[in-house]
$ cat query_23.cif   # mmCIF, C-alpha atoms
data_data
#
loop_
_atom_site.group_PDB
_atom_site.id
_atom_site.type_symbol
_atom_site.label_atom_id
_atom_site.label_comp_id
_atom_site.auth_asym_id
_atom_site.auth_seq_id
_atom_site.Cartn_x
_atom_site.Cartn_y
_atom_site.Cartn_z
ATOM 1 C CA MET B 262 0.000 0.000 0.000
ATOM 2 C CA ARG B 263 1.388 3.355 -0.965
ATOM 3 C CA MET B 264 0.227 6.735 0.313
ATOM 4 C CA GLY B 265 0.842 9.989 -1.454
ATOM 5 C CA GLU B 266 3.002 12.755 -0.074
ATOM 6 C CA GLY B 267 -0.165 14.704 0.756
ATOM 7 C CA VAL B 268 -0.620 12.522 3.847
ATOM 8 C CA GLU B 269 2.831 13.428 5.159
ATOM 9 C CA TRP B 270 2.308 17.098 4.347
ATOM 10 C CA SER B 271 -1.078 17.130 6.042
ATOM 11 C CA LEU B 272 0.128 15.440 9.208
ATOM 12 C CA HIS B 273 3.088 17.827 9.517
ATOM 13 C CA CYS B 274 0.780 20.821 9.041
ATOM 14 C CA LEU B 275 -1.559 19.459 11.709
ATOM 15 C CA LEU B 276 1.385 19.026 14.091
ATOM 16 C CA THR B 277 2.412 22.612 13.354
ATOM 17 C CA LEU B 278 -1.075 23.913 14.099
ATOM 18 C CA GLY B 279 -1.152 21.850 17.276
ATOM 19 C CA TRP B 280 2.187 23.236 18.462
ATOM 20 C CA LEU B 281 1.117 26.811 17.794
ATOM 21 C CA GLU B 282 -1.826 26.359 20.191
ATOM 22 C CA SER B 283 -3.551 29.406 18.737
ATOM 23 C CA ASP B 284 -7.090 30.219 17.693
ATOM 24 C CA GLU B 285 -5.727 32.483 14.980
ATOM 25 C CA PRO B 286 -5.965 31.008 11.471
ATOM 26 C CA VAL B 287 -2.653 30.249 9.795
ATOM 27 C CA PRO B 288 -2.458 31.073 6.070
ATOM 28 C CA THR B 289 -1.568 28.348 3.596
ATOM 29 C CA ALA B 290 1.438 30.394 2.466
ATOM 30 C CA LYS B 291 2.927 30.280 5.972
ATOM 31 C CA LEU B 292 2.341 26.544 6.354
ATOM 32 C CA ALA B 293 3.827 25.965 2.911
ATOM 33 C CA ALA B 294 6.862 28.123 3.746
ATOM 34 C CA VAL B 295 7.626 26.103 6.893
ATOM 35 C CA PHE B 296 8.230 22.988 4.791
ATOM 36 C CA GLU B 297 9.076 24.620 1.426
ATOM 37 C CA LEU B 298 5.966 23.147 -0.207
ATOM 38 C CA PRO B 299 3.977 24.469 -3.173
ATOM 39 C CA PRO B 300 1.136 26.518 -1.620
ATOM 40 C CA ALA B 301 -1.501 25.652 -4.245
ATOM 41 C CA TYR B 302 -0.985 21.910 -3.866
ATOM 42 C CA LEU B 303 -0.884 22.149 -0.072
ATOM 43 C CA ASN B 304 -4.071 24.217 -0.077
ATOM 44 C CA LYS B 305 -5.917 21.413 -1.879
ATOM 45 C CA ARG B 306 -4.875 18.988 0.856
ATOM 46 C CA LEU B 307 -5.880 21.401 3.595
ATOM 47 C CA GLN B 308 -9.280 21.930 1.949
ATOM 48 C CA ALA B 309 -9.779 18.139 1.982
ATOM 49 C CA LEU B 310 -9.140 18.241 5.731
ATOM 50 C CA VAL B 311 -11.741 21.001 6.080
ATOM 51 C CA ARG B 312 -14.296 18.842 4.250
ATOM 52 C CA ALA B 313 -13.454 15.996 6.639
ATOM 53 C CA GLY B 314 -13.985 18.229 9.686
ATOM 54 C CA VAL B 315 -10.348 18.039 10.786
ATOM 55 C CA LEU B 316 -9.575 21.700 10.020
ATOM 56 C CA SER B 317 -11.685 24.821 9.859
ATOM 57 C CA SER B 318 -10.924 27.621 7.444
ATOM 58 C CA THR B 319 -11.403 31.345 7.520
ATOM 59 C CA PRO B 320 -11.528 33.123 4.155
ATOM 60 C CA GLY B 321 -10.020 36.494 3.401
ATOM 61 C CA ALA B 322 -6.782 38.403 3.735
ATOM 62 C CA HIS B 323 -6.370 37.410 7.384
ATOM 63 C CA GLY B 324 -7.748 33.922 6.869
ATOM 64 C CA GLY B 325 -6.225 30.525 6.971
ATOM 65 C CA PHE B 326 -6.597 27.229 8.764
ATOM 66 C CA ARG B 327 -6.843 26.016 12.341
ATOM 67 C CA LEU B 328 -7.709 22.732 13.992
ATOM 68 C CA ALA B 329 -11.456 22.124 13.990
ATOM 69 C CA ARG B 330 -11.232 19.836 17.027
ATOM 70 C CA SER B 331 -8.857 19.149 19.854
ATOM 71 C CA PRO B 332 -5.835 17.017 18.928
ATOM 72 C CA GLU B 333 -7.215 14.172 21.074
ATOM 73 C CA LYS B 334 -10.195 13.917 18.730
ATOM 74 C CA ILE B 335 -8.298 13.784 15.423
ATOM 75 C CA THR B 336 -7.048 10.361 14.364
ATOM 76 C CA VAL B 337 -4.314 9.584 11.885
ATOM 77 C CA MET B 338 -6.833 7.392 10.016
ATOM 78 C CA GLU B 339 -9.139 10.380 9.525
ATOM 79 C CA VAL B 340 -6.299 12.301 7.929
ATOM 80 C CA VAL B 341 -5.348 9.401 5.658
ATOM 81 C CA ALA B 342 -8.991 8.908 4.595
ATOM 82 C CA ALA B 343 -9.440 12.637 3.941
ATOM 83 C CA ILE B 344 -6.372 12.787 1.707
ATOM 84 C CA GLU B 345 -6.327 9.347 0.083
ATOM 85 C CA GLY B 346 -10.038 8.495 0.146
ATOM 86 C CA ALA B 347 -11.915 5.954 2.207
ATOM 87 C CA GLU B 348 -12.041 3.179 -0.395
ATOM 88 C CA TYR B 349 -10.329 -0.128 0.220
ATOM 89 C CA ALA B 350 -6.839 -0.351 -1.246
ATOM 90 C CA PHE B 351 -7.479 -3.823 -2.693
ATOM 91 C CA ARG B 352 -10.297 -4.243 -5.200
ATOM 92 C CA CYS B 353 -11.276 -7.776 -6.089
ATOM 93 C CA THR B 354 -12.558 -8.035 -9.661
ATOM 94 C CA GLU B 355 -13.338 -11.753 -9.407
ATOM 95 C CA ILE B 356 -10.907 -12.814 -12.110
ATOM 96 C CA ARG B 357 -11.230 -16.309 -10.690
ATOM 97 C CA GLN B 358 -14.560 -16.495 -12.510
ATOM 98 C CA ARG B 359 -13.058 -15.767 -15.928
ATOM 99 C CA GLY B 360 -11.010 -17.702 -18.446
ATOM 100 C CA ALA B 361 -9.667 -21.124 -17.566
ATOM 101 C CA GLY B 362 -10.671 -20.672 -13.912
ATOM 102 C CA LYS B 363 -14.340 -20.290 -14.748
ATOM 103 C CA GLY B 364 -16.445 -22.934 -13.060
ATOM 104 C CA ARG B 365 -19.996 -23.416 -11.878
ATOM 105 C CA PRO B 366 -21.773 -20.506 -10.108
ATOM 106 C CA GLN B 367 -21.964 -22.512 -6.867
ATOM 107 C CA ASP B 368 -18.148 -22.717 -6.870
ATOM 108 C CA PHE B 369 -18.021 -18.966 -6.189
ATOM 109 C CA GLN B 370 -20.599 -18.497 -3.440
ATOM 110 C CA ARG B 371 -17.924 -17.830 -0.817
ATOM 111 C CA GLN B 372 -15.789 -14.726 -0.886
ATOM 112 C CA CYS B 373 -12.433 -15.118 -2.608
ATOM 113 C CA VAL B 374 -9.720 -16.168 -0.143
ATOM 114 C CA ILE B 375 -7.430 -13.468 -1.517
ATOM 115 C CA THR B 376 -10.041 -10.776 -0.845
ATOM 116 C CA THR B 377 -10.554 -12.120 2.672
ATOM 117 C CA ALA B 378 -6.822 -11.983 3.452
ATOM 118 C CA MET B 379 -6.406 -8.510 1.972
ATOM 119 C CA ARG B 380 -9.420 -7.100 3.849
ATOM 120 C CA LYS B 381 -8.192 -8.515 7.167
ATOM 121 C CA ALA B 382 -4.797 -6.926 6.620
ATOM 122 C CA GLU B 383 -6.276 -3.591 5.636
ATOM 123 C CA LEU B 384 -8.676 -3.561 8.577
ATOM 124 C CA ALA B 385 -5.737 -4.167 10.926
ATOM 125 C CA TRP B 386 -3.869 -1.268 9.273
ATOM 126 C CA ARG B 387 -6.913 1.013 9.572
ATOM 127 C CA ARG B 388 -7.477 0.071 13.226
ATOM 128 C CA GLU B 389 -3.845 0.842 14.000
ATOM 129 C CA LEU B 390 -4.018 4.273 12.348
ATOM 130 C CA ALA B 391 -7.332 4.983 14.077
ATOM 131 C CA SER B 392 -5.722 4.210 17.442
ATOM 132 C CA HIS B 393 -3.262 7.110 17.060
ATOM 133 C CA THR B 394 -4.402 10.686 17.547
ATOM 134 C CA LEU B 395 -2.804 13.985 16.719
ATOM 135 C CA ALA B 396 -2.316 14.401 20.482
ATOM 136 C CA ASP B 397 -0.281 11.168 20.506
ATOM 137 C CA LEU B 398 1.927 12.472 17.706
ATOM 138 C CA LEU B 399 2.352 15.840 19.429
ATOM 139 C CA ALA B 400 3.404 14.072 22.632
ATOM 140 C CA ALA B 401 5.809 11.699 20.876
ATOM 141 C CA ALA B 402 7.585 14.349 18.778
ATOM 142 C CA PRO B 403 10.828 15.790 20.132
ATOM 143 C CA GLY B 404 10.249 18.907 22.225
ATOM 144 C CA VAL B 405 12.733 20.806 20.095
ATOM 145 C CA ALA B 406 10.391 20.443 17.098
ATOM 146 C CA ALA B 407 7.588 22.289 18.871
ATOM 147 C CA GLU B 408 9.968 24.972 20.112
ATOM 148 C CA ARG B 409 11.549 25.412 16.667
ATOM 149 C CA THR B 410 8.101 25.725 15.068
ATOM 150 C CA ARG B 411 6.862 28.332 17.555
ATOM 151 C CA ASP B 412 10.114 30.304 17.193
ATOM 152 C CA TRP B 413 9.858 30.285 13.392
ATOM 153 C CA PHE B 414 6.249 31.504 13.452
ATOM 154 C CA ALA B 415 7.135 34.235 15.956
ATOM 155 C CA CYS B 416 9.773 35.613 13.542
ATOM 156 C CA VAL B 417 7.743 35.479 10.319
ATOM 157 C CA ASP B 418 4.858 37.771 9.498
#
$ encode --input "query_23.cif" --output "structure tokens"
Amino acid sequence: MRMGEGVEWSLHCLLTLGWLESDEPVPTAKLAAVFELPPAYLNKRLQALVRAGVLSSTPGAHGGFRLARSPEKITVMEVVAAIEGAEYAFRCTEIRQRGAGKGRPQDFQRQCVITTAMRKAELAWRRELASHTLADLLAAAPGVAAERTRDWFACVD
């Protein structure tokens, strides 16, 4: 399973917003500058997080993004689903019922064993991501990262 870079970008931006501990919205341009990311692409990811209820946005010249909920109520799985989509990674197309493998309809009444194995693995992965919150990540990150982030934002307008 491969996730796009938007997941990493989003999680780092959420950590940044969590470390700032401010109700003031942070503009996309500032978040993009922290990590030297393209603002337009980052903004699309942040808008996806708004649609998912992870971030809230304020339009206008003094607008930007802030956490919509406390870090304890934002899971890593929510972020992944907002950016990558909620669909299963594995899609069974029942190729076992085509070509030389084609048999009688009653031979295919049970779910494909490959689909069963893949779904179990993915559900375990999803449960693990759902068990980690933004608060957990904030607590596990080195203290210097939070300090460095707050210092950088204090120096930049």
$ resolve_selection --input "query_23.cif" --expression "the PyMOL selection byres ((chain B and resi 385-393) around 8)" --output "list in words"
Thr336, Val337, Met338, Glu339, Lys381, Ala382, Glu383, Leu384, Thr394, Leu395, Asp397 and Leu398 of chain B
$ resolve_selection --input "query_23.cif" --expression "the PyMOL selection byres ((chain B and resi 348-360) around 12)" --output "ChimeraX atom specification"
/B:262-264,341-347,361-384,386-387
$ residues_around --input "query_23.cif" --residues "Arg327 (chain B)" --least-positions-apart "4" --cutoff "10 Å" --atoms "only C-alpha atoms" --output "ChimeraX atom specification"
/B:274-275,277-279,281-288,307,311,315-319
$ write_last_selection --input "query_23.cif" --atoms "C-alpha atoms" --output "PDB file, in the coordinates of the input"
ATOM      1  CA  CYS B 274       0.780  20.821   9.041  1.00  0.00           C
ATOM      2  CA  LEU B 275      -1.559  19.459  11.709  1.00  0.00           C
ATOM      3  CA  THR B 277       2.412  22.612  13.354  1.00  0.00           C
ATOM      4  CA  LEU B 278      -1.075  23.913  14.099  1.00  0.00           C
ATOM      5  CA  GLY B 279      -1.152  21.850  17.276  1.00  0.00           C
ATOM      6  CA  LEU B 281       1.117  26.811  17.794  1.00  0.00           C
ATOM      7  CA  GLU B 282      -1.826  26.359  20.191  1.00  0.00           C
ATOM      8  CA  SER B 283      -3.551  29.406  18.737  1.00  0.00           C
ATOM      9  CA  ASP B 284      -7.090  30.219  17.693  1.00  0.00           C
ATOM     10  CA  GLU B 285      -5.727  32.483  14.980  1.00  0.00           C
ATOM     11  CA  PRO B 286      -5.965  31.008  11.471  1.00  0.00           C
ATOM     12  CA  VAL B 287      -2.653  30.249   9.795  1.00  0.00           C
ATOM     13  CA  PRO B 288      -2.458  31.073   6.070  1.00  0.00           C
ATOM     14  CA  LEU B 307      -5.880  21.401   3.595  1.00  0.00           C
ATOM     15  CA  VAL B 311     -11.741  21.001   6.080  1.00  0.00           C
ATOM     16  CA  VAL B 315     -10.348  18.039  10.786  1.00  0.00           C
ATOM     17  CA  LEU B 316      -9.575  21.700  10.020  1.00  0.00           C
ATOM     18  CA  SER B 317     -11.685  24.821   9.859  1.00  0.00           C
ATOM     19  CA  SER B 318     -10.924  27.621   7.444  1.00  0.00           C
ATOM     20  CA  THR B 319     -11.403  31.345   7.520  1.00  0.00           C
TER      21      THR B 319
END
$ closest_residue --input "query_23.cif" --among "B:His323, B:Ser331, B:Trp270, B:Gly404" --to "Asn304 (chain B)" --atoms "all atoms listed in the file"
B:Trp270
$ atom_distance --input "query_23.cif" --atom1 "CA of Gly314 (chain B)" --atom2 "CA of Asp412 (chain B)"
28.0 Å
$ axis_aligned_box --input "query_23.cif" --around "region 388-397 of chain B" --padding-each-side "6 Å" --output "AutoDock Vina command-line options"
--center_x -3.9 --center_y 7.2 --center_z 16.4 --size_x 19.2 --size_y 26.3 --size_z 20.2
$ resolve_selection --input "query_23.cif" --expression "the PyMOL selection byres ((chain B and resi 296) around 12)" --output "PDB file with C-alpha atoms, keeping the file's coordinate frame"
ATOM      1  CA  GLU B 269       2.831  13.428   5.159  1.00  0.00           C
ATOM      2  CA  TRP B 270       2.308  17.098   4.347  1.00  0.00           C
ATOM      3  CA  SER B 271      -1.078  17.130   6.042  1.00  0.00           C
ATOM      4  CA  LEU B 272       0.128  15.440   9.208  1.00  0.00           C
ATOM      5  CA  HIS B 273       3.088  17.827   9.517  1.00  0.00           C
ATOM      6  CA  CYS B 274       0.780  20.821   9.041  1.00  0.00           C
ATOM      7  CA  THR B 277       2.412  22.612  13.354  1.00  0.00           C
ATOM      8  CA  THR B 289      -1.568  28.348   3.596  1.00  0.00           C
ATOM      9  CA  ALA B 290       1.438  30.394   2.466  1.00  0.00           C
ATOM     10  CA  LYS B 291       2.927  30.280   5.972  1.00  0.00           C
ATOM     11  CA  LEU B 292       2.341  26.544   6.354  1.00  0.00           C
ATOM     12  CA  ALA B 293       3.827  25.965   2.911  1.00  0.00           C
ATOM     13  CA  ALA B 294       6.862  28.123   3.746  1.00  0.00           C
ATOM     14  CA  VAL B 295       7.626  26.103   6.893  1.00  0.00           C
ATOM     15  CA  GLU B 297       9.076  24.620   1.426  1.00  0.00           C
ATOM     16  CA  LEU B 298       5.966  23.147  -0.207  1.00  0.00           C
ATOM     17  CA  PRO B 299       3.977  24.469  -3.173  1.00  0.00           C
ATOM     18  CA  PRO B 300       1.136  26.518  -1.620  1.00  0.00           C
ATOM     19  CA  LEU B 303      -0.884  22.149  -0.072  1.00  0.00           C
ATOM     20  CA  THR B 410       8.101  25.725  15.068  1.00  0.00           C
ATOM     21  CA  TRP B 413       9.858  30.285  13.392  1.00  0.00           C
TER      22      TRP B 413
END
$ atom_distance --input "query_23.cif" --atom1 "CA of Arg312 (chain B)" --atom2 "CA of Gly325 (chain B)"
14.5 Å
$ atom_distance --input "query_23.cif" --atom1 "CA of Trp280 (chain B)" --atom2 "CA of Ala313 (chain B)"
20.9 Å
$ closest_residue --input "query_23.cif" --among "B:Arg330, B:Leu276, B:Pro320, B:Gly267" --to "Tyr302 (chain B)" --atoms "all atoms listed in the file"
B:Gly267
$ closest_residue --input "query_23.cif" --among "B:Val268, B:Ala322, B:Ala396, B:Gln308" --to "Lys334 (chain B)" --atoms "all atoms listed in the file"
B:Ala396
